[in-house]
$ cat upload_37.cif   # mmCIF, C-alpha atoms and all ligand atoms
data_input
#
loop_
_atom_site.label_atom_id
_atom_site.label_comp_id
_atom_site.auth_asym_id
_atom_site.auth_seq_id
_atom_site.Cartn_x
_atom_site.Cartn_y
_atom_site.Cartn_z
CA MET I 1 -23.93 61.01 39.79
CA SER I 2 -27.26 62.83 40.28
CA GLU I 3 -28.94 64.60 37.38
CA GLU I 4 -28.28 67.91 39.13
CA HIS I 5 -24.58 67.22 39.28
CA ARG I 6 -24.70 65.78 35.81
CA ALA I 7 -25.94 69.11 34.47
CA VAL I 8 -23.06 70.92 36.16
CA SER I 9 -20.40 68.50 35.13
CA ILE I 10 -21.69 68.27 31.60
CA GLY I 11 -21.61 72.03 31.44
CA GLU I 12 -18.04 71.95 32.64
CA ARG I 13 -17.12 69.32 30.13
CA GLY I 14 -19.16 71.13 27.53
CA ALA I 15 -20.09 67.74 26.18
CA ALA I 16 -23.13 65.59 25.71
CA VAL I 17 -26.54 66.46 27.04
CA SER I 18 -28.48 63.87 28.91
CA GLY I 19 -31.96 62.97 27.77
CA ASP I 20 -34.15 60.04 26.87
CA ARG I 21 -31.85 57.18 26.02
CA GLY I 22 -32.07 55.82 22.55
CA ALA I 23 -33.41 58.75 20.55
CA PRO I 24 -31.26 59.83 17.62
CA ALA I 25 -31.46 63.58 17.26
CA THR I 26 -30.66 66.16 14.70
CA GLY I 27 -31.05 69.91 14.63
CA GLU I 28 -31.06 71.91 17.82
CA HIS I 29 -31.14 68.94 20.20
CA GLY I 30 -28.52 67.03 18.26
CA ALA I 31 -26.25 70.08 18.03
CA ALA I 32 -26.11 70.20 21.83
CA ALA I 33 -24.78 66.64 21.78
CA ILE I 34 -21.61 67.85 20.10
CA GLY I 35 -19.26 69.81 22.29
CA GLY I 36 -15.72 70.00 23.56
CA LEU I 37 -14.20 67.60 26.04
CA ARG I 38 -12.06 68.85 28.86
CA ILE I 39 -9.27 66.32 29.25
CA GLY I 40 -7.06 67.73 31.97
CA ALA I 41 -5.60 70.90 30.48
CA VAL I 42 -6.53 69.91 26.93
CA THR I 43 -9.83 71.05 25.48
CA THR I 44 -11.12 69.51 22.29
CA ARG I 45 -13.49 71.18 19.85
CA THR I 46 -15.81 68.19 19.61
CA ASN I 47 -16.42 64.99 21.55
CA LEU I 48 -15.93 62.82 18.45
CA VAL I 49 -12.78 60.73 18.73
CA LEU I 50 -10.90 58.61 16.21
CA SER I 51 -10.30 55.25 17.94
CA PRO I 52 -6.81 53.86 18.30
CA MET I 53 -6.37 51.03 15.78
CA SER I 54 -3.19 49.06 15.43
CA GLY I 55 -1.93 48.97 11.86
CA VAL I 56 -4.43 51.68 10.90
CA THR I 57 -4.25 54.94 12.88
CA ASP I 58 -0.69 55.93 12.08
CA CYS I 59 0.20 59.49 11.14
CA ALA I 60 -0.88 59.05 7.50
CA PHE I 61 -4.35 57.74 8.34
CA ARG I 62 -4.91 60.25 11.13
CA MET I 63 -4.05 63.05 8.69
CA LEU I 64 -6.43 61.56 6.11
CA VAL I 65 -9.24 61.69 8.68
CA ARG I 66 -8.35 65.31 9.45
CA ALA I 67 -8.34 66.09 5.73
CA CYS I 68 -11.80 64.53 5.24
CA SER I 69 -13.51 65.42 8.53
CA GLY I 70 -11.69 68.66 9.38
CA ASP I 71 -12.07 69.83 12.95
CA SER I 72 -15.22 67.77 13.46
CA VAL I 73 -12.88 65.09 14.78
CA GLY I 74 -12.10 66.40 18.25
CA LEU I 75 -9.25 64.04 19.05
CA VAL I 76 -7.22 61.47 17.15
CA VAL I 77 -5.53 58.55 18.91
CA SER I 78 -2.50 56.70 17.60
CA GLU I 79 -2.28 52.96 17.20
CA PHE I 80 -0.85 51.37 20.34
CA ILE I 81 2.91 51.55 20.71
CA ALA I 82 4.95 49.06 22.74
CA ALA I 83 6.60 50.62 25.81
CA GLU I 84 9.14 47.82 25.52
CA GLY I 85 10.10 48.79 21.96
CA LEU I 86 10.22 52.51 22.74
CA THR I 87 12.43 52.08 25.78
CA ARG I 88 14.76 49.72 23.91
CA ASP I 89 15.13 52.35 21.20
CA ASN I 90 13.72 50.06 18.57
CA GLU I 91 13.92 52.10 15.39
CA LYS I 92 10.59 51.01 13.93
CA THR I 93 8.79 51.61 17.22
CA LEU I 94 10.34 55.05 17.59
CA ARG I 95 9.10 55.96 14.10
CA MET I 96 5.55 55.33 15.34
CA LEU I 97 5.82 58.47 17.48
CA ARG I 98 5.92 60.59 14.33
CA HIS I 99 3.10 63.02 13.92
CA ASP I 100 2.17 66.26 12.24
CA GLU I 101 1.15 69.58 13.77
CA SER I 102 -2.13 69.47 11.83
CA GLU I 103 -3.26 66.45 13.84
CA ARG I 104 -3.60 68.26 17.15
CA PRO I 105 -4.96 67.50 19.59
CA LEU I 106 -3.22 64.14 19.36
CA SER I 107 -3.19 61.31 21.86
CA ILE I 108 -0.51 58.63 21.66
CA GLN I 109 -1.36 55.26 23.14
CA ILE I 110 1.20 52.98 24.79
CA PHE I 111 0.96 49.46 26.13
CA GLY I 112 3.02 47.36 28.48
CA ALA I 113 3.05 45.86 31.94
CA ASP I 114 6.25 47.09 33.54
CA ALA I 115 5.68 50.32 35.47
CA GLU I 116 9.21 51.61 35.01
CA ARG I 117 9.13 51.08 31.25
CA MET I 118 5.64 52.57 31.01
CA VAL I 119 6.88 55.69 32.80
CA ARG I 120 9.86 56.02 30.47
CA ALA I 121 7.66 55.41 27.43
CA ALA I 122 5.11 58.01 28.63
CA CYS I 123 7.93 60.54 29.05
CA MET I 124 9.09 59.76 25.50
CA VAL I 125 5.54 60.36 24.26
CA GLU I 126 5.46 63.70 26.07
CA ASP I 127 8.89 64.68 24.77
CA ALA I 128 7.82 63.73 21.23
CA GLY I 129 5.12 66.42 21.53
CA ALA I 130 1.88 64.47 22.01
CA ASP I 131 -0.91 66.35 23.76
CA ILE I 132 -2.13 63.30 25.70
CA VAL I 133 -0.74 59.88 26.63
CA ASP I 134 -3.22 57.01 26.64
CA ILE I 135 -2.72 53.67 28.37
CA ASN I 136 -4.05 50.56 26.70
CA CYS I 137 -5.96 48.18 29.00
CA GLY I 138 -8.05 46.56 26.31
CA CYS I 139 -5.86 44.85 23.76
CA PRO I 140 -6.93 41.18 23.54
CA ALA I 141 -3.94 39.93 21.48
CA PRO I 142 -2.33 36.84 23.08
CA LYS I 143 1.21 38.18 22.60
CA VAL I 144 0.24 41.32 24.55
CA VAL I 145 -1.81 39.80 27.37
CA ARG I 146 0.68 36.95 27.91
CA ARG I 147 3.21 39.58 28.92
CA GLY I 148 0.76 41.24 31.31
CA GLY I 149 -0.26 44.18 29.10
CA GLY I 150 -3.49 45.23 27.36
CA ALA I 151 -6.64 43.61 28.73
CA GLU I 152 -4.59 41.58 31.24
CA LEU I 153 -4.13 44.81 33.22
CA MET I 154 -7.84 44.66 34.01
CA ARG I 155 -7.10 41.45 35.95
CA GLN I 156 -4.05 42.95 37.63
CA SER I 157 -5.53 46.01 39.26
CA ALA I 158 -2.63 46.55 41.69
CA SER I 159 -0.22 46.59 38.82
CA LEU I 160 -2.47 48.95 36.83
CA ALA I 161 -2.70 51.30 39.84
CA THR I 162 1.09 51.39 40.14
CA ILE I 163 1.50 52.10 36.43
CA LEU I 164 -1.07 54.88 36.48
CA ARG I 165 0.24 56.51 39.64
CA SER I 166 3.81 56.44 38.35
CA VAL I 167 2.95 57.71 34.89
CA ARG I 168 0.70 60.42 36.35
CA ARG I 169 3.60 61.68 38.50
CA ALA I 170 6.12 61.54 35.66
CA VAL I 171 4.37 63.50 32.91
CA SER I 172 2.59 66.83 32.85
CA ILE I 173 0.34 66.10 29.85
CA PRO I 174 -3.07 64.50 30.51
CA VAL I 175 -3.11 60.75 31.08
CA THR I 176 -6.06 58.74 29.78
CA VAL I 177 -6.97 55.06 29.80
CA LYS I 178 -8.88 52.77 27.45
CA ILE I 179 -10.48 49.62 28.86
CA ARG I 180 -12.82 46.80 27.85
CA ALA I 181 -15.85 45.52 29.79
CA GLY I 182 -13.71 42.92 31.54
CA TRP I 183 -11.91 39.67 30.79
CA ASP I 184 -14.95 37.47 30.11
CA CYS I 185 -18.68 37.49 30.82
CA ASP I 186 -18.05 36.10 34.32
CA SER I 187 -15.63 38.86 35.23
CA ILE I 188 -17.12 42.14 34.06
CA ASN I 189 -15.17 44.58 36.23
CA ALA I 190 -15.07 47.73 34.10
CA SER I 191 -16.84 49.77 36.84
CA ASP I 192 -14.25 48.84 39.48
CA ILE I 193 -11.40 49.53 37.09
CA ALA I 194 -13.01 52.82 36.05
CA ARG I 195 -13.15 54.03 39.66
CA LEU I 196 -9.55 52.97 40.17
CA VAL I 197 -8.50 54.79 37.00
CA GLU I 198 -10.16 57.99 38.19
CA SER I 199 -8.76 57.72 41.71
CA GLU I 200 -5.25 57.33 40.30
CA GLY I 201 -5.61 60.66 38.53
CA ALA I 202 -6.52 59.79 34.94
CA ASP I 203 -8.10 62.63 32.99
CA MET I 204 -10.41 60.60 30.74
CA LEU I 205 -11.57 57.03 30.31
CA ALA I 206 -12.63 55.25 27.12
CA VAL I 207 -14.70 52.08 27.44
CA HIS I 208 -15.12 49.49 24.70
CA GLY I 209 -18.09 47.52 25.99
CA ARG I 210 -16.92 44.05 25.00
CA THR I 211 -14.91 41.56 27.02
CA ARG I 212 -11.44 40.38 26.10
CA VAL I 213 -12.85 36.93 25.30
CA GLN I 214 -15.50 38.43 23.00
CA LEU I 215 -12.82 40.09 20.87
CA TYR I 216 -15.08 41.80 18.30
CA SER I 217 -18.04 39.41 18.38
CA GLY I 218 -21.48 40.27 19.70
CA SER I 219 -22.26 43.89 20.31
CA ALA I 220 -20.70 46.49 22.56
CA ASP I 221 -22.54 47.10 25.84
CA TRP I 222 -23.39 50.81 25.95
CA ASP I 223 -25.48 50.42 29.13
CA LEU I 224 -22.23 49.53 30.84
CA VAL I 225 -20.66 52.70 29.42
CA ALA I 226 -23.62 54.72 30.74
CA ASP I 227 -23.32 53.14 34.21
CA ILE I 228 -19.66 54.02 34.37
CA ARG I 229 -20.36 57.54 33.20
CA GLU I 230 -22.80 57.92 36.10
CA GLN I 231 -20.05 57.05 38.55
CA LEU I 232 -17.17 59.19 37.30
CA SER I 233 -16.45 62.90 37.12
CA ILE I 234 -13.87 62.66 34.35
CA PRO I 235 -15.15 62.42 30.75
CA VAL I 236 -16.18 58.91 29.73
CA ILE I 237 -15.98 58.03 26.05
CA GLY I 238 -17.85 55.06 24.64
CA SER I 239 -16.43 52.82 21.94
CA GLY I 240 -17.96 50.10 19.84
CA ASP I 241 -20.26 49.72 16.86
CA VAL I 242 -20.79 53.37 15.98
CA VAL I 243 -21.14 53.13 12.20
CA ASP I 244 -22.98 56.29 11.21
CA ALA I 245 -24.23 59.69 12.32
CA ASP I 246 -27.50 58.36 13.75
CA GLY I 247 -25.65 55.81 15.84
CA ALA I 248 -23.28 58.42 17.23
CA LEU I 249 -26.05 60.90 18.04
CA GLU I 250 -28.18 58.20 19.62
CA ARG I 251 -25.37 57.49 22.11
CA LEU I 252 -24.67 61.15 22.77
CA THR I 253 -28.20 62.50 23.10
CA GLY I 254 -29.14 59.38 25.05
CA GLY I 255 -26.58 60.30 27.69
CA TYR I 256 -24.61 57.09 27.32
CA ALA I 257 -21.26 58.83 27.12
CA ASP I 258 -19.59 62.22 27.06
CA GLY I 259 -18.09 61.42 23.69
CA VAL I 260 -17.98 58.66 21.12
CA MET I 261 -15.07 56.90 19.51
CA VAL I 262 -15.34 55.68 15.95
CA GLY I 263 -12.98 52.97 14.79
CA ARG I 264 -13.78 50.50 12.03
CA ALA I 265 -16.38 52.70 10.38
CA ALA I 266 -13.78 55.44 9.89
CA MET I 267 -11.53 52.99 8.01
CA GLY I 268 -13.80 53.17 4.96
CA ASN I 269 -15.45 56.48 5.75
CA PRO I 270 -12.93 59.09 6.90
CA TRP I 271 -15.69 61.71 6.48
CA ILE I 272 -17.76 60.19 9.27
CA PHE I 273 -16.92 62.78 11.93
CA ALA I 274 -17.98 65.65 9.65
CA GLN I 275 -21.14 63.68 8.84
CA ILE I 276 -21.96 63.26 12.53
CA GLU I 277 -21.46 66.96 13.24
CA ALA I 278 -23.52 67.96 10.20
CA ALA I 279 -26.36 65.65 11.21
CA ALA I 280 -26.27 66.99 14.75
CA GLY I 281 -26.64 70.53 13.42
CA GLY I 282 -29.49 69.52 11.11
CA ARG I 283 -27.32 70.18 8.06
CA PRO I 284 -27.21 67.88 5.02
CA VAL I 285 -24.90 64.94 5.58
CA LEU I 286 -22.18 64.86 2.96
CA GLN I 287 -22.17 61.59 1.04
CA PRO I 288 -18.76 61.50 -0.60
CA GLY I 289 -19.15 61.49 -4.35
CA ARG I 290 -16.84 60.14 -7.04
CA GLN I 291 -14.42 63.07 -6.96
CA GLU I 292 -14.17 63.07 -3.16
CA ARG I 293 -13.32 59.38 -3.13
CA VAL I 294 -10.62 59.79 -5.74
CA ARG I 295 -9.25 62.79 -3.88
CA ALA I 296 -9.22 60.86 -0.60
CA LEU I 297 -7.29 57.96 -2.13
CA ARG I 298 -4.75 60.30 -3.71
CA THR I 299 -4.37 62.20 -0.44
CA PHE I 300 -3.72 58.92 1.34
CA ARG I 301 -1.13 57.95 -1.29
CA ASP I 302 0.75 61.21 -0.70
CA LEU I 303 0.45 60.92 3.08
CA LEU I 304 1.75 57.34 3.04
CA ARG I 305 4.70 58.38 0.89
CA GLU I 306 5.59 61.12 3.31
CA HIS I 307 4.63 59.75 6.71
CA ALA I 308 4.29 55.94 6.73
CA CYS I 309 6.53 54.30 9.33
CA ASP I 310 7.02 51.35 7.06
CA ARG I 311 7.94 51.70 3.38
CA ARG I 312 5.86 48.63 2.53
CA TYR I 313 2.49 50.29 2.48
CA LEU I 314 0.95 48.85 -0.69
CA GLY I 315 -1.34 46.62 1.42
CA ARG I 316 -2.68 49.59 3.33
CA PHE I 317 -3.25 51.54 0.12
CA ARG I 318 -5.13 48.58 -1.36
CA GLY I 319 -7.13 48.32 1.89
CA LEU I 320 -8.38 51.89 1.68
CA ALA I 321 -9.14 51.58 -2.04
CA CYS I 322 -11.24 48.46 -1.38
CA ARG I 323 -13.08 50.03 1.51
CA LEU I 324 -13.84 53.19 -0.46
CA VAL I 325 -15.61 51.19 -3.19
CA LYS I 326 -17.42 48.80 -0.85
CA GLY I 327 -21.17 49.16 -1.26
CA MET I 328 -20.87 50.58 -4.77
CA ARG I 329 -22.48 48.63 -7.58
CA GLU I 330 -20.57 45.68 -8.96
CA SER I 331 -17.59 46.50 -6.78
CA ALA I 332 -16.63 42.93 -5.90
CA ALA I 333 -14.75 42.45 -9.17
CA VAL I 334 -13.05 45.81 -8.70
CA ARG I 335 -11.93 44.84 -5.21
CA ARG I 336 -10.46 41.66 -6.67
CA ALA I 337 -8.62 43.71 -9.31
CA ILE I 338 -7.36 46.10 -6.63
CA GLY I 339 -6.14 43.10 -4.62
CA ALA I 340 -4.27 41.79 -7.65
CA ALA I 341 -2.61 45.09 -8.56
CA ASP I 342 1.05 45.01 -7.57
CA SER I 343 1.86 48.69 -7.42
CA ILE I 344 0.44 51.92 -6.02
CA GLU I 345 -0.07 53.17 -9.57
CA GLY I 346 -1.86 49.96 -10.54
CA VAL I 347 -4.27 50.20 -7.59
CA GLU I 348 -4.93 53.83 -8.33
CA ALA I 349 -5.63 53.18 -12.01
CA VAL I 350 -8.20 50.43 -11.29
CA PHE I 351 -9.83 52.49 -8.54
CA THR I 352 -10.03 55.73 -10.51
CA GLU I 353 -11.40 54.10 -13.64
CA TYR I 354 -14.15 52.40 -11.67
CA VAL I 355 -15.05 55.30 -9.39
CA LEU I 356 -15.08 57.95 -12.11
CA HIS I 357 -16.52 55.91 -14.97
CA GLY I 358 -18.21 52.89 -13.37
CA PRO I 359 -21.82 52.42 -12.23
CA GLU I 360 -23.18 55.16 -9.97
CA THR I 361 -22.42 55.13 -6.27
CA VAL I 362 -25.08 53.70 -4.02
CA ASP I 363 -25.94 54.53 -0.43
CA HIS I 364 -22.71 55.14 1.45
CA ALA I 365 -24.28 53.96 4.70
CA THR I 366 -24.20 50.45 3.22
CA ALA I 367 -20.56 50.92 2.45
CA VAL I 368 -19.62 51.51 6.07
CA ALA I 369 -21.98 49.00 7.68
C1 LIG I 401 -7.79 46.74 13.39
C2 LIG I 401 -8.05 47.19 14.81
C3 LIG I 401 -6.99 47.57 15.60
C4 LIG I 401 -7.22 48.02 16.91
N1 LIG I 401 -6.16 48.45 17.65
C5 LIG I 401 -6.38 49.02 18.88
C6 LIG I 401 -5.31 49.62 19.59
O1 LIG I 401 -4.16 49.67 19.12
N2 LIG I 401 -5.60 50.15 20.80
C7 LIG I 401 -6.87 50.13 21.34
O2 LIG I 401 -7.08 50.62 22.46
N3 LIG I 401 -7.90 49.58 20.67
C8 LIG I 401 -7.69 49.06 19.45
N4 LIG I 401 -8.74 48.56 18.73
C9 LIG I 401 -10.10 48.66 19.28
C10 LIG I 401 -10.80 49.95 18.77
O3 LIG I 401 -10.16 51.09 19.26
C11 LIG I 401 -12.28 49.99 19.18
O4 LIG I 401 -12.39 50.03 20.56
C12 LIG I 401 -13.06 48.80 18.63
O5 LIG I 401 -12.73 48.54 17.28
C13 LIG I 401 -14.57 49.02 18.73
O6 LIG I 401 -14.94 50.19 18.06
P1 LIG I 401 -15.55 50.22 16.54
O7 LIG I 401 -16.75 49.33 16.53
O8 LIG I 401 -15.87 51.68 16.32
O9 LIG I 401 -14.48 49.71 15.64
C14 LIG I 401 -8.53 48.08 17.44
C15 LIG I 401 -9.59 47.67 16.62
C16 LIG I 401 -9.37 47.25 15.32
C17 LIG I 401 -10.54 46.84 14.47
#
$ encode --input "upload_37.cif" --output "structure tokens" --more "lines below"
Ligand SMILES: Cc1cc2nc3c(=O)[nH]c(=O)nc-3n(C[C@H](O)[C@H](O)[C@H](O)COP(=O)(O)O)c2cc1C
Amino acid sequence: MSEEHRAVSIGERGAAVSGDRGAPATGEHGAAAIGGLRIGAVTTRTNLVLSPMSGVTDCAFRMLVRACSGDSVGLVVSEFIAAEGLTRDNEKTLRMLRHDESERPLSIQIFGADAERMVRAACMVEDAGADIVDINCGCPAPKVVRRGGGAELMRQSASLATILRSVRRAVSIPVTVKIRAGWDCDSINASDIARLVESEGADMLAVHGRTRVQLYSGSADWDLVADIREQLSIPVIGSGDVVDADGALERLTGGYADGVMVGRAAMGNPWIFAQIEAAAGGRPVLQPGRQERVRALRTFRDLLREHACDRRYLGRFRGLACRLVKGMRESAAVRRAIGAADSIEGVEAVFTEYVLHGPETVDHATAVA
């Protein structure tokens, strides 16, 4: 896409500005990097997206991110949900569709390989009230790819085209797709798949610039994201290795993508989207203090009690408690004590004592790195 067209389409999307790649920006220039995405009929307030993460981005965690980052997070995406389980009325899978009005706009991601089941699952997602349905073409897990879903769909382009075309016809909410770079370093085909995805009517594409074989090793290829963005008219979101405000703004002001997804960094720093927006506007970046951390853990406790799909959520509660103290002084022993606590109350007691009365917090950027 030429720069001239870029300016028009960026204006239409209201998203990232293009500029010299690689320069983090704050203040006026950075503020222009933050803007709404137009995803079919859905418009988001910002182009900062919470990544889908299996076992993490359920209703409780998505609401925690909303509570900590407010409307700086433009879109939240659910963990992936099996089309097979949904269409077989599996009770646990159906519970994963649960959401809260406060989460909107909300995208629910599904995975599978059978077009008919994917259509039925997408209709269930629409009926459940999601604003967007997202199709997973990036999951590397053997049990998913063996059955033809996730990243395997990037090797089965005819099958992917059929799924997309059928889902597109069946639902009236926007349809989006998330892909990886390709299967392995000898078969990087994200550009071909991206063009196919757009031609089959998808409203947005997210690209995690690693191959299936890489899993999470190495680093995500943002040049690939930028190349794909040049070729498409729909918004292109980049995913991978955004750990702080500077990293997000570097990708946005550098013109790599129309929006950025944040995944792992948000697991220990649910304030990250507010931090990115503050940095972009040249405002002080909130470093969560002792009280904020305690409040976040208690909020998560209440959200898990009310919204968790699975009653056995002690592990997830421990996980957040450990991540919230990571990077603080002498926290290794506290993380061990949190790991050993066998109740929600026990975890909370260890955490609160340390956070409120332990050694002072250090740089939070270290905590999320
Ligand atoms: C625990 C975990 C679970 C994930 N589950 C999903 C998923 O369900 N669907 C998906 O498209 N990507 C999933 N991903 C990939 C992330 O969405 C994201 O693309 C990747 O982690 C790179 O971004 P990050 O460096 O910001 O974490 C998962 C990643 C992690 C770490």
$ residues_near_ligand --input "upload_37.cif" --ligand "ligand LIG 401 (chain I)" --cutoff "6 Å" --atoms "all atoms listed in the file" --output "JSON, numbers by chain"
{"I": [51, 52, 53, 54, 79, 80, 136, 138, 139, 178, 208, 239, 240, 241, 242, 262, 263, 264]}
$ closest_residue --input "upload_37.cif" --among "I:Gly319, I:Gly30, I:Gly129, I:Gly254" --to "I:Arg335" --atoms "all atoms listed in the file"
I:Gly319
$ residues_around --input "upload_37.cif" --residues "I:Ala161" --least-positions-apart "5" --cutoff "10 Å" --atoms "only C-alpha atoms" --output "list in words"
Ala115, Leu153, Gln156, Ser166, Val167, Ile193, Leu196, Val197, Ser199, Glu200 and Gly201 of chain I
$ residues_around --input "upload_37.cif" --residues "I:Pro235" --least-positions-apart "2" --cutoff "12 Å" --atoms "all atoms listed in the file" --output "count of residues only"
45
$ atom_distance --input "upload_37.cif" --atom1 "atom CA of I:Arg311" --atom2 "atom CA of I:Ala337"
22.3 Å
$ residues_near_point --input "upload_37.cif" --point "(-20.8, 41.2, 22.9)" --cutoff "7 Å" --atoms "all atoms listed in the file" --output "ChimeraX atom specification"
/I:210,214,217-221
$ atom_distance --input "upload_37.cif" --atom1 "atom CA of I:Ala280" --atom2 "atom CA of I:Met261"
15.8 Å
$ residues_around --input "upload_37.cif" --residues "stretch 347-359 of chain I" --least-positions-apart "5" --cutoff "6 Å" --atoms "only C-alpha atoms" --output "VMD selection string"
chain I and resid 290 338 341
